[in-house]
Amino acid sequence: MGNIGSFFPSSSSYPLRVCGMSPVIAFLLFTTLSLAMASPASAQTRYSCRDEQGAVYTLARPCPKGMVTTAVSAGPVEPRVEPRSYAPTPSRRSSAMREVPEYESYMSGRCRTLQNSIRGASANGSSYDVIAGMQREYRRDCSDEESDAASRYYRERREARSQRRTEREREEQAQLAQEEQESRKALQCAESKRILAAKRARTDLTPGERNDLRRFETNVITRCGDF
């Protein structure tokens with residue numbers, strides 16, 4: 001077996017030698033520290049949080065105020081690039097607090113609850129990770145449902161507008177027909193009254209013509225009113 005010193009650097013390259021450590025012990029200690037510093041943590045704590053509506057979220061940080069912690073577990077670290085710093089600006093928080101969409105009533109209770117939780121977390125100043133986690137869950141589970149709800153809502157709005165337009169046109173046509181009928185009636189009554197006035201002015205009517213005149217007068221009064 002060769003000299004063990006040939007496998008390790010000389011003692012002059014190890015500052016630990018001055019502390020009285022042998023080259024073997026110094027090398028083992030140095031290797032252990034290097035591995036410990038180079039290897040990342042193998043697990044990360046995850047928190048299961050439930051909000052007031054019963055929706056459950058999995059977060060990498062403790063549950064925010066207003067949520068109940070239902071479970072805490074450790075899992076493998078997901079490699080990611082940590083930002084240097086992040087401080088949500090008022091404009092980004094205000095953009096997260098979207099107004100309630102008009103088609104929300106067409107969505108399921110779970111997705112409506114998740115939307116309300118996102119808006120509430122933004123208003124309460126919850127951390128970015130909490131809000132981002134809920135937004136990821138919403139995109140994963142509710143984005144298709146939101147698209148379908150919006151399509152249904154706007155389709156029904158178009159159909160309602162079309163129906164109102166059709167009803168308005170029907171009412172306008174009915175009004176025009178009534179005005180036309182009243183106009184014809186006014187012309188007919190005017191002509192009947194002219195004829196009646198002319199017959200009344202005659203003095204040479206026979207008894208039969210006078211009977212016809214009385215019947216005609218009764219019809220005119222019934223249809224057009226007295227005059």
# chains A, B, ... in the order shown; residues from 1 in each chain; ligands from 1
>>> residues_around(residues="range 104-113 of chain A", least_positions_apart="6", cutoff="12 Å", atoms="only C-alpha atoms", output="ChimeraX atom specification")
/A:50-56,119-120,134-135,137-154,156
>>> write_last_selection(atoms="N, CA and C atoms", output="compact mmCIF listing (two decimals), in the first residue's frame")
# COMPACT_ATOMS: atom_id res chain seq x y z
N ARG A 50 -58.04 25.94 4.36
CA ARG A 50 -59.45 25.98 4.00
C ARG A 50 -60.01 27.34 4.35
N ASP A 51 -60.73 27.97 3.37
CA ASP A 51 -61.30 29.29 3.63
C ASP A 51 -62.71 29.16 4.21
N GLU A 52 -63.37 30.30 4.38
CA GLU A 52 -64.68 30.30 5.03
C GLU A 52 -65.74 29.60 4.19
N GLN A 53 -65.55 29.56 2.86
CA GLN A 53 -66.52 28.89 1.99
C GLN A 53 -66.24 27.39 1.85
N GLY A 54 -65.17 26.89 2.46
CA GLY A 54 -64.88 25.46 2.40
C GLY A 54 -63.92 25.07 1.30
N ALA A 55 -63.45 26.03 0.50
CA ALA A 55 -62.48 25.72 -0.55
C ALA A 55 -61.11 25.45 0.07
N VAL A 56 -60.39 24.44 -0.44
CA VAL A 56 -59.11 24.02 0.12
C VAL A 56 -57.99 24.38 -0.87
N ARG A 119 -60.35 37.61 -4.70
CA ARG A 119 -60.62 39.03 -4.49
C ARG A 119 -60.43 39.41 -3.03
N GLY A 120 -60.89 38.53 -2.11
CA GLY A 120 -60.74 38.82 -0.70
C GLY A 120 -59.29 38.83 -0.27
N MET A 134 -53.74 30.57 -5.50
CA MET A 134 -55.17 30.48 -5.78
C MET A 134 -55.47 30.79 -7.23
N GLN A 135 -54.72 31.71 -7.83
CA GLN A 135 -54.93 32.01 -9.24
C GLN A 135 -54.55 30.83 -10.12
N GLU A 137 -54.73 27.69 -9.25
CA GLU A 137 -55.80 26.70 -9.09
C GLU A 137 -57.03 27.10 -9.88
N TYR A 138 -57.32 28.41 -9.91
CA TYR A 138 -58.49 28.88 -10.66
C TYR A 138 -58.29 28.65 -12.16
N ARG A 139 -57.09 28.98 -12.65
CA ARG A 139 -56.84 28.75 -14.08
C ARG A 139 -56.92 27.28 -14.42
N ARG A 140 -56.47 26.43 -13.52
CA ARG A 140 -56.46 24.99 -13.78
C ARG A 140 -57.87 24.40 -13.79
N ASP A 141 -58.71 24.80 -12.84
CA ASP A 141 -60.00 24.15 -12.63
C ASP A 141 -61.18 24.95 -13.18
N CYS A 142 -61.02 26.26 -13.40
CA CYS A 142 -62.20 27.08 -13.70
C CYS A 142 -62.09 27.88 -14.98
N SER A 143 -60.95 27.87 -15.65
CA SER A 143 -60.82 28.72 -16.84
C SER A 143 -61.78 28.29 -17.94
N ASP A 144 -61.92 26.97 -18.19
CA ASP A 144 -62.86 26.50 -19.21
C ASP A 144 -64.29 26.81 -18.80
N GLU A 145 -64.58 26.63 -17.53
CA GLU A 145 -65.94 26.91 -17.05
C GLU A 145 -66.26 28.39 -17.18
N GLU A 146 -65.29 29.24 -16.91
CA GLU A 146 -65.51 30.69 -17.05
C GLU A 146 -65.78 31.04 -18.50
N SER A 147 -65.03 30.43 -19.42
CA SER A 147 -65.24 30.70 -20.84
C SER A 147 -66.63 30.28 -21.28
N ASP A 148 -67.08 29.09 -20.83
CA ASP A 148 -68.42 28.62 -21.19
C ASP A 148 -69.48 29.52 -20.58
N ALA A 149 -69.28 29.95 -19.33
CA ALA A 149 -70.26 30.82 -18.68
C ALA A 149 -70.37 32.16 -19.40
N ALA A 150 -69.24 32.71 -19.81
CA ALA A 150 -69.26 33.98 -20.53
C ALA A 150 -69.96 33.82 -21.88
N SER A 151 -69.69 32.73 -22.58
CA SER A 151 -70.34 32.49 -23.88
C SER A 151 -71.85 32.37 -23.70
N ARG A 152 -72.27 31.63 -22.70
CA ARG A 152 -73.70 31.46 -22.46
C ARG A 152 -74.36 32.78 -22.09
N TYR A 153 -73.68 33.55 -21.23
CA TYR A 153 -74.25 34.83 -20.78
C TYR A 153 -74.44 35.77 -21.95
N TYR A 154 -73.40 35.95 -22.77
CA TYR A 154 -73.50 36.90 -23.88
C TYR A 154 -74.42 36.38 -24.98
N GLU A 156 -77.18 34.63 -24.43
CA GLU A 156 -78.53 34.91 -23.95
C GLU A 156 -78.84 36.41 -24.02
>>> closest_residue(among="A:Gln178, A:Thr69, A:Thr166, A:Thr58", to="Gly133 in chain A", atoms="only C-alpha atoms")
A:Thr58
>>> atom_distance(atom1="CA of Val100 in chain A", atom2="CA of Arg161 in chain A")
22.5 Å
>>> closest_residue(among="A:Glu167, A:Leu196, A:Met67, A:Leu59", to="Tyr128 in chain A", atoms="only C-alpha atoms")
A:Leu59
>>> residues_around(residues="Lys193 in chain A", least_positions_apart="2", cutoff="10 Å", atoms="only C-alpha atoms", output="list of chain:residue names")
A:Leu187, A:Gln188, A:Cys189, A:Ala190, A:Glu191, A:Ile195, A:Leu196, A:Ala197, A:Ala198, A:Lys199, A:Phe216, A:Glu217, A:Val220, A:Ile221, A:Cys224, A:Asp226, A:Phe227
>>> closest_residue(among="A:Thr70, A:Arg136, A:Arg165, A:Arg200", to="Arg214 in chain A", atoms="only C-alpha atoms")
A:Arg200
>>> atom_distance(atom1="CA of Thr218 in chain A", atom2="CA of Ala177 in chain A")
27.5 Å
>>> atom_distance(atom1="CA of Thr45 in chain A", atom2="CA of Gln115 in chain A")
25.7 Å
>>> closest_residue(among="A:Ser192, A:Ser117, A:Thr206, A:Ser73", to="Val130 in chain A", atoms="only C-alpha atoms")
A:Ser117
